[in-house]
Each structure stands twice: as C-alpha cells, then as structure tokens.
Amino acid sequence: MKVTFFDTKEYDRKAFEKYQGRDGLELKFYETRLCEDTAGLARGSDAVCVFVNDDVNAAVIDRLHGDGVRLIALRCAGYNNVDLTAAYGKIHVVRVPAYSPYAVAEHAMALLLCSVRRIHKAYNRTRDFNFSLNGLTGFDLHGKTVGVVGTGKIGRAFIDICRGFGMRILAYDTFPAELPDVRYVDLPTLFRESDVISLHCPLTPETVHMIDKNSIARMKKGVVILNTSRGALIDSEDLLNGIKERKIGAACLDVYEEESDLFFEDFSGHIMDDDTLARLMTMPNVLITSHQAFLTEEALSGIAQTTVKNIRDFFEKNEMENEVCYHCGRLEDCRKKRQKNCF
Ligand code: NAI
C-alpha cells in the first residue's frame, strides 16, 4: 500500500513514522499542499492522505482517479475541502471522525481564559518588568451564560469544562441530545442570551457565515465569540465591523475563512495581503491561533492510528467504517444507511 501524504509538517511525520514499512505500508511525505498542480505527485500511489487545507476539488479528484489512486484518507474530522459529489463512484473518502475532542475543547477554553483574563497582555508586560495592572481587568466566567453551537463530541467536551466553571449552558444543534444542565434553544435565543458563544458545528452550506452582521446585531454587547471549528462559519468582515463598533467584546479564533493560504506556514517578514486578517490582528481583543486546537500528543497519535486503520481496512478488508460519502439515494442496501450514519 503506497500512500502519498500532502501538507505534512515535522509533527505529522513523527506521528506516522512508526507505521513506515510495517506490513507493506509505504508512506511518502510531501510538504506541499494537494491541488491541481501537485496532484501528479501521487501517481503510482494507492491512496493519498490529506489535511484540512488541501484542496480536493473535482479536477484534483479526476487527476488522482486517472492516476490510479483509490482512496482519499483525510487525517482530520472535517471534510468541507473535499468535493464529495465529484468523488462519488470514483474514489472513496475516509476521515478520522474522532481523535481527542478534549484537545480542541481545552484549546477553546484556553483561548477564552486567556482573553477574558488578559493573559496575553500580562505575559508581554511582565517580560518587560512592567508590573502595572492597568487595563487588565477581566470578568468571572462563573455565572455567565455560554451558548454552544453544535453539541457533538467537541461541543460536549467543551460543555463539561464550562459546567466545571459554573457557567449557565445554552445549546443549539440540529440533533439535540439529552445533556445534564444544558438547555437547548433556537439560534436567535442563543445569540440573544449568551455572554460567550462557542462554535462546534461543521461547515456546511447551512452553516456558512452563521455569524454575520444579522446574528451579531442580535447578540449582547460585549459578547465573546470563540471559533475552533471552521473559519467560514463567521463572516470575517462582519466580525471586524462588530469589533470596531464595540459590540463584540472579544473574538478568539483558531480558524479563519481565508486560512488556507496562510495557516501552518511562517510568513514573518512578509507583507500581509489579507487586509481583514491584518486589521483583526491589530485589535487588542482578538486572539488568533493558526488551527492549532488539535495539536496535542494524544490527538496526533490518535489521528495516525485511525488513519492507518482506515487505509488498512480499505485495502485489506474492503471495509470503510469511517467513509464519508455523497448522499446518492441509489444504493438498495447501504451499510451507512443501515447504521444510520448516512447524511
Ligand atoms: P461531531 O460530528 O461530533 O459534532 C458536530 C455536531 O454539529 C453534531 O452534533 C451535529 O448534529 C451538529 N450540527 C450539524 N449541523 C449543524 C447545524 N447546522 N447547526 C448546529 N449544529 C449542527 O463533530 P466534532 O468532532 O465535535 O467536531 C466539530 C467540528 O470541529 C468539526 O466539524 C471540525 O470542523 C472542527 N474541528 C476543528 C479542529 C481544530 O483543530 N480547530 C479539530 C477537529 C475538529
């Protein structure tokens, strides 16, 4: 089984290293992203392994398919960067639906605490031996209302953390669950009543720009917005305007809608072309990390383990427990439908 990896960094290679050469697994790592120009690098491979910012569009899929690639193994949970309609009937797509939801949930809380207790400012100040407290006044999370959008694995882990902080918890999900101390409400209510809003739903045509000027208009003045899910859930221009108008108290972003050209790379010393991001960066109440929420030892090792299992299951057993497929409605007896995990 020859597998070509795209968009790899040293930490990816380290996590997958132990599988190299084991039981016929041949792994080839490229730093470059997968796109139309680089798809040819996978010629002769059985599978490609891609990450969140690889562009797996219809042309790329056709090229991979023409070159004999049979499997796209995503080493992440989200799959909005894959044209599933184009892949259907040509190449199977598998993903890692769960690794460490705690990694992302804990990062969301780390951003929130950093922001509301001004840790990022205090860190810089004390390194300059500036021990003044002026401008560092924060607020207690205890007793505040958090609105969680998407109560899947990560949303629930985040809710558990918030419960520990004594927060009142509102939630919105298209498939509500039974969760202790959680009140499910509609989105307008969640926007209206929350002091903190945290996004944990996938990026789909329905969720694109769910935070825009209309939803921001409904929110409390001083609301803190957390996004560790996908950048395009938020209209960045509208977010920026909400911050300029002093409506939004703080924004903590691990993802950004135009991140694919920037995140995971070092652009220090370069001139930033993205004016919206550059302006957001100048705001004292905006914290940005570059899609880092997943980056823990536990998550990386879980991702590698499931990815290798996905690849082996496909080539050795013709099984795809973690397949992502386009809703075709044509198969009589589909395992995904039987197991109720077809969307
Ligand atoms: P999950 O599949 O366990 O949960 C997603 C939840 O969102 C489900 O409960 C689903 O019913 C709900 N949902 C779907 N459509 C919705 C809608 N229109 N409105 C409200 N809720 C909706 O996924 P999981 O593992 O919790 O991951 C959530 C998201 O986190 C992923 O989609 C991914 O984009 C992001 N993520 C980010 C990472 C990072 O490093 N920043 C790492 C891993 C995931």
# chains A, B, ... in the order shown; residues from 1 in each chain; ligands from 1
>>> residues_around(residues="Ser194 of chain A", least_positions_apart="5", cutoff="9 Å", atoms="only C-alpha atoms", output="PyMOL selection string")
chain A and resi 144-147+169-170+189+219-220+223-224
>>> select_by_dssp(residues="segment 9-48 of chain A", states="helix (DSSP H, G or I)", output="PyMOL selection string")
chain A and resi 10-19+22-24+39-42
>>> residues_around(residues="Gly249 of chain A", least_positions_apart="4", cutoff="12 Å", atoms="only C-alpha atoms", output="PyMOL selection string")
chain A and resi 112+115-116+138-139+195-197+216+219-226+239-245+283-287
>>> closest_residue(among="A:Pro97, A:Pro176, A:Pro205, A:Gly89", to="Thr306 of chain A", atoms="only C-alpha atoms")
A:Pro97
>>> closest_residue(among="A:Val185, A:Ala58, A:Ile303, A:Ala98", to="Tyr172 of chain A", atoms="only C-alpha atoms")
A:Val185
>>> residues_near_ligand(ligand="ligand 1", cutoff="6 Å", atoms="only C-alpha atoms and all ligand atoms", output="list in words")
Ala77, Gly78, Ala98, Val104, Val149, Gly150, Thr151, Gly152, Lys153, Ile154, Gly155, Tyr172, Asp173, Thr174, Phe175, His200, Cys201, Pro202, Glu206, Thr207, Thr228, Ser229, Arg230, Asp254, His291, Gln292, Ala293 and Phe294 of chain A
>>> closest_atom_pairs(of="segment 52-85 of chain A", to="segment 321-325 of chain A", cutoff="10 Å", atoms="only C-alpha atoms", output="tab-separated table")
residue	atom	partner	partner_atom	distance
A:Ile72	CA	A:Glu323	CA	9.7
A:Ala73	CA	A:Glu323	CA	9.1
A:Leu74	CA	A:Val324	CA	9.8
A:Ala77	CA	A:Asn322	CA	9.9
A:Tyr79	CA	A:Val324	CA	8.0
A:Val82	CA	A:Val324	CA	9.8
A:Leu84	CA	A:Cys325	CA	6.4
A:Thr85	CA	A:Cys325	CA	8.2
>>> select_by_dssp(residues="segment 43-232 of chain A", states="strand (DSSP E or B)", output="ChimeraX atom specification")
/A:47-50,56,71-74,82,92-94,145-149,168-172,182-184,196-199,211,223-227
>>> write_last_selection(atoms="N, CA and C atoms", output="JSON list (two decimals), in the first residue's frame")
[["chain", "number", "residue", "atom", "x", "y", "z"],
["A", 47, "ALA", "N", -3.20, 5.39, -2.31],
["A", 47, "ALA", "CA", -4.02, 6.33, -1.52],
["A", 47, "ALA", "C", -3.27, 7.64, -1.35],
["A", 48, "VAL", "N", -4.04, 8.71, -1.11],
["A", 48, "VAL", "CA", -3.42, 9.96, -0.67],
["A", 48, "VAL", "C", -3.94, 10.26, 0.73],
["A", 49, "CYS", "N", -3.09, 10.92, 1.51],
["A", 49, "CYS", "CA", -3.50, 11.31, 2.85],
["A", 49, "CYS", "C", -3.42, 12.83, 2.93],
["A", 50, "VAL", "N", -4.55, 13.47, 3.24],
["A", 50, "VAL", "CA", -4.62, 14.94, 3.16],
["A", 50, "VAL", "C", -5.13, 15.54, 4.46],
["A", 56, "VAL", "N", -9.18, 19.47, -2.35],
["A", 56, "VAL", "CA", -9.54, 18.23, -3.07],
["A", 56, "VAL", "C", -10.79, 18.51, -3.91],
["A", 71, "LEU", "N", -8.11, 5.77, -2.86],
["A", 71, "LEU", "CA", -8.61, 6.21, -1.55],
["A", 71, "LEU", "C", -8.05, 7.58, -1.17],
["A", 72, "ILE", "N", -8.94, 8.44, -0.67],
["A", 72, "ILE", "CA", -8.51, 9.71, -0.07],
["A", 72, "ILE", "C", -8.70, 9.55, 1.43],
["A", 73, "ALA", "N", -7.59, 9.54, 2.16],
["A", 73, "ALA", "CA", -7.68, 9.38, 3.62],
["A", 73, "ALA", "C", -7.43, 10.74, 4.26],
["A", 74, "LEU", "N", -8.50, 11.33, 4.79],
["A", 74, "LEU", "CA", -8.36, 12.61, 5.49],
["A", 74, "LEU", "C", -7.80, 12.33, 6.88],
["A", 82, "VAL", "N", -13.30, 18.63, 0.51],
["A", 82, "VAL", "CA", -13.36, 17.56, -0.49],
["A", 82, "VAL", "C", -14.68, 17.68, -1.25],
["A", 92, "HIS", "N", -12.97, 6.53, -2.96],
["A", 92, "HIS", "CA", -13.58, 6.55, -1.64],
["A", 92, "HIS", "C", -12.88, 7.56, -0.74],
["A", 93, "VAL", "N", -13.65, 8.12, 0.17],
["A", 93, "VAL", "CA", -13.11, 9.14, 1.08],
["A", 93, "VAL", "C", -13.34, 8.66, 2.51],
["A", 94, "VAL", "N", -12.26, 8.59, 3.28],
["A", 94, "VAL", "CA", -12.39, 8.22, 4.69],
["A", 94, "VAL", "C", -11.82, 9.35, 5.54],
["A", 145, "THR", "N", -23.38, 33.10, 30.92],
["A", 145, "THR", "CA", -24.08, 32.17, 30.02],
["A", 145, "THR", "C", -23.21, 31.88, 28.80],
["A", 146, "VAL", "N", -22.99, 30.59, 28.55],
["A", 146, "VAL", "CA", -22.26, 30.20, 27.34],
["A", 146, "VAL", "C", -23.24, 29.55, 26.37],
["A", 147, "GLY", "N", -23.17, 29.93, 25.11],
["A", 147, "GLY", "CA", -24.01, 29.34, 24.08],
["A", 147, "GLY", "C", -23.14, 28.46, 23.19],
["A", 148, "VAL", "N", -23.44, 27.16, 23.17],
["A", 148, "VAL", "CA", -22.62, 26.21, 22.41],
["A", 148, "VAL", "C", -23.38, 25.79, 21.16],
["A", 149, "VAL", "N", -22.81, 26.07, 19.99],
["A", 149, "VAL", "CA", -23.46, 25.71, 18.73],
["A", 149, "VAL", "C", -22.81, 24.43, 18.22],
["A", 168, "ARG", "N", -23.79, 28.94, 33.04],
["A", 168, "ARG", "CA", -25.12, 28.52, 32.60],
["A", 168, "ARG", "C", -24.96, 28.14, 31.12],
["A", 169, "ILE", "N", -25.53, 26.99, 30.74],
["A", 169, "ILE", "CA", -25.22, 26.49, 29.39],
["A", 169, "ILE", "C", -26.46, 26.43, 28.50],
["A", 170, "LEU", "N", -26.39, 27.16, 27.39],
["A", 170, "LEU", "CA", -27.41, 27.06, 26.34],
["A", 170, "LEU", "C", -26.78, 26.33, 25.16],
["A", 171, "ALA", "N", -27.61, 25.64, 24.39],
["A", 171, "ALA", "CA", -27.03, 24.94, 23.24],
["A", 171, "ALA", "C", -28.00, 24.96, 22.06],
["A", 172, "TYR", "N", -27.40, 24.87, 20.88],
["A", 172, "TYR", "CA", -28.20, 24.70, 19.66],
["A", 172, "TYR", "C", -27.55, 23.60, 18.83],
["A", 182, "VAL", "N", -28.05, 21.40, 30.46],
["A", 182, "VAL", "CA", -27.97, 22.10, 29.17],
["A", 182, "VAL", "C", -29.39, 22.38, 28.69],
["A", 183, "ARG", "N", -29.65, 23.64, 28.33],
["A", 183, "ARG", "CA", -30.97, 23.97, 27.79],
["A", 183, "ARG", "C", -30.80, 24.24, 26.29],
["A", 184, "TYR", "N", -31.47, 23.41, 25.47],
["A", 184, "TYR", "CA", -31.44, 23.63, 24.03],
["A", 184, "TYR", "C", -32.41, 24.77, 23.69],
["A", 196, "VAL", "N", -20.93, 34.32, 26.12],
["A", 196, "VAL", "CA", -19.86, 33.68, 25.34],
["A", 196, "VAL", "C", -20.53, 32.75, 24.34],
["A", 197, "ILE", "N", -20.09, 32.79, 23.08],
["A", 197, "ILE", "CA", -20.66, 31.88, 22.07],
["A", 197, "ILE", "C", -19.51, 31.05, 21.49],
["A", 198, "SER", "N", -19.65, 29.74, 21.52],
["A", 198, "SER", "CA", -18.58, 28.88, 21.02],
["A", 198, "SER", "C", -19.10, 27.97, 19.91],
["A", 199, "LEU", "N", -18.41, 27.98, 18.78],
["A", 199, "LEU", "CA", -18.89, 27.23, 17.61],
["A", 199, "LEU", "C", -18.22, 25.85, 17.52],
["A", 211, "ILE", "N", -22.43, 33.33, 11.68],
["A", 211, "ILE", "CA", -22.18, 34.59, 12.41],
["A", 211, "ILE", "C", -21.90, 35.66, 11.37],
["A", 223, "VAL", "N", -20.24, 40.52, 23.89],
["A", 223, "VAL", "CA", -20.18, 39.07, 23.72],
["A", 223, "VAL", "C", -18.77, 38.62, 23.30],
["A", 224, "VAL", "N", -18.38, 37.44, 23.79],
["A", 224, "VAL", "CA", -17.09, 36.86, 23.38],
["A", 224, "VAL", "C", -17.40, 35.72, 22.41],
["A", 225, "ILE", "N", -16.79, 35.77, 21.23],
["A", 225, "ILE", "CA", -17.05, 34.73, 20.22],
["A", 225, "ILE", "C", -15.82, 33.84, 20.08],
["A", 226, "LEU", "N", -16.06, 32.53, 20.20],
["A", 226, "LEU", "CA", -14.98, 31.55, 20.07],
["A", 226, "LEU", "C", -15.23, 30.71, 18.82],
["A", 227, "ASN", "N", -14.23, 30.58, 17.98],
["A", 227, "ASN", "CA", -14.38, 29.67, 16.84],
["A", 227, "ASN", "C", -13.17, 28.75, 16.73]]
>>> atom_distance(atom1="atom CA of Met210 of chain A", atom2="atom CA of Asn81 of chain A")
18.3 Å
>>> residues_around(residues="Gly40 of chain A", least_positions_apart="3", cutoff="9 Å", atoms="only C-alpha atoms", output="PyMOL selection string")
chain A and resi 36-37+43+63-64+67
>>> write_last_selection(atoms="all heavy atoms", output="CSV table (one decimal), in the first residue's frame")
chain,number,residue,atom,x,y,z
A,36,GLU,N,-4.4,21.1,-7.9
A,36,GLU,CA,-4.3,20.6,-9.3
A,36,GLU,C,-2.8,20.5,-9.8
A,36,GLU,O,-2.4,19.6,-10.5
A,36,GLU,CB,-5.0,21.6,-10.3
A,36,GLU,CG,-6.5,21.3,-10.2
A,36,GLU,CD,-7.3,22.4,-11.0
A,36,GLU,OE1,-7.2,22.4,-12.2
A,36,GLU,OE2,-7.9,23.2,-10.3
A,37,ASP,N,-2.0,21.5,-9.3
A,37,ASP,CA,-0.6,21.4,-9.8
A,37,ASP,C,0.3,20.3,-9.1
A,37,ASP,O,1.3,19.9,-9.7
A,37,ASP,CB,0.1,22.8,-9.4
A,37,ASP,CG,-0.5,23.9,-10.2
A,37,ASP,OD1,-1.0,23.6,-11.3
A,37,ASP,OD2,-0.4,25.1,-9.7
A,43,ARG,N,1.0,10.0,-8.4
A,43,ARG,CA,0.9,8.9,-9.4
A,43,ARG,C,1.6,7.7,-8.9
A,43,ARG,O,2.7,7.7,-8.3
A,43,ARG,CB,1.6,9.4,-10.7
A,43,ARG,CG,1.3,8.5,-11.9
A,43,ARG,CD,1.9,9.0,-13.2
A,43,ARG,NE,1.4,10.3,-13.5
A,43,ARG,CZ,2.3,11.3,-13.8
A,43,ARG,NH1,3.6,11.2,-13.7
A,43,ARG,NH2,1.7,12.5,-14.1
A,63,ARG,N,-7.9,13.8,-11.6
A,63,ARG,CA,-6.4,13.6,-11.8
A,63,ARG,C,-6.0,12.4,-11.0
A,63,ARG,O,-5.3,11.4,-11.5
A,63,ARG,CB,-5.6,14.8,-11.4
A,63,ARG,CG,-4.1,14.7,-11.6
A,63,ARG,CD,-3.8,14.7,-13.0
A,63,ARG,NE,-2.4,14.2,-13.2
A,63,ARG,CZ,-1.4,15.0,-13.4
A,63,ARG,NH1,-1.5,16.3,-13.4
A,63,ARG,NH2,-0.2,14.4,-13.6
A,64,LEU,N,-6.4,12.4,-9.7
A,64,LEU,CA,-6.0,11.2,-8.8
A,64,LEU,C,-6.6,9.9,-9.3
A,64,LEU,O,-5.9,8.9,-9.4
A,64,LEU,CB,-6.5,11.5,-7.4
A,64,LEU,CG,-5.9,12.7,-6.6
A,64,LEU,CD1,-6.6,12.9,-5.3
A,64,LEU,CD2,-4.4,12.5,-6.4
A,67,ASP,N,-4.9,8.6,-12.2
A,67,ASP,CA,-3.5,8.1,-11.9
A,67,ASP,C,-3.6,6.8,-11.0
A,67,ASP,O,-2.6,6.4,-10.5
A,67,ASP,CB,-2.7,9.2,-11.2
A,67,ASP,CG,-2.2,10.2,-12.1
A,67,ASP,OD1,-2.1,10.0,-13.4
A,67,ASP,OD2,-1.8,11.3,-11.7
>>> closest_residue(among="A:Cys114, A:Val96, A:Ala232, A:Met272", to="Ala251 of chain A", atoms="only C-alpha atoms")
A:Cys114
>>> atom_distance(atom1="atom CA of Val3 of chain A", atom2="atom CA of Leu203 of chain A")
27.2 Å
>>> atom_distance(atom1="atom CA of Leu113 of chain A", atom2="atom CA of Met281 of chain A")
18.5 Å
>>> residues_around(residues="Asp83 of chain A", least_positions_apart="5", cutoff="9 Å", atoms="only C-alpha atoms", output="PyMOL selection string")
chain A and resi 55-58+61+88+326
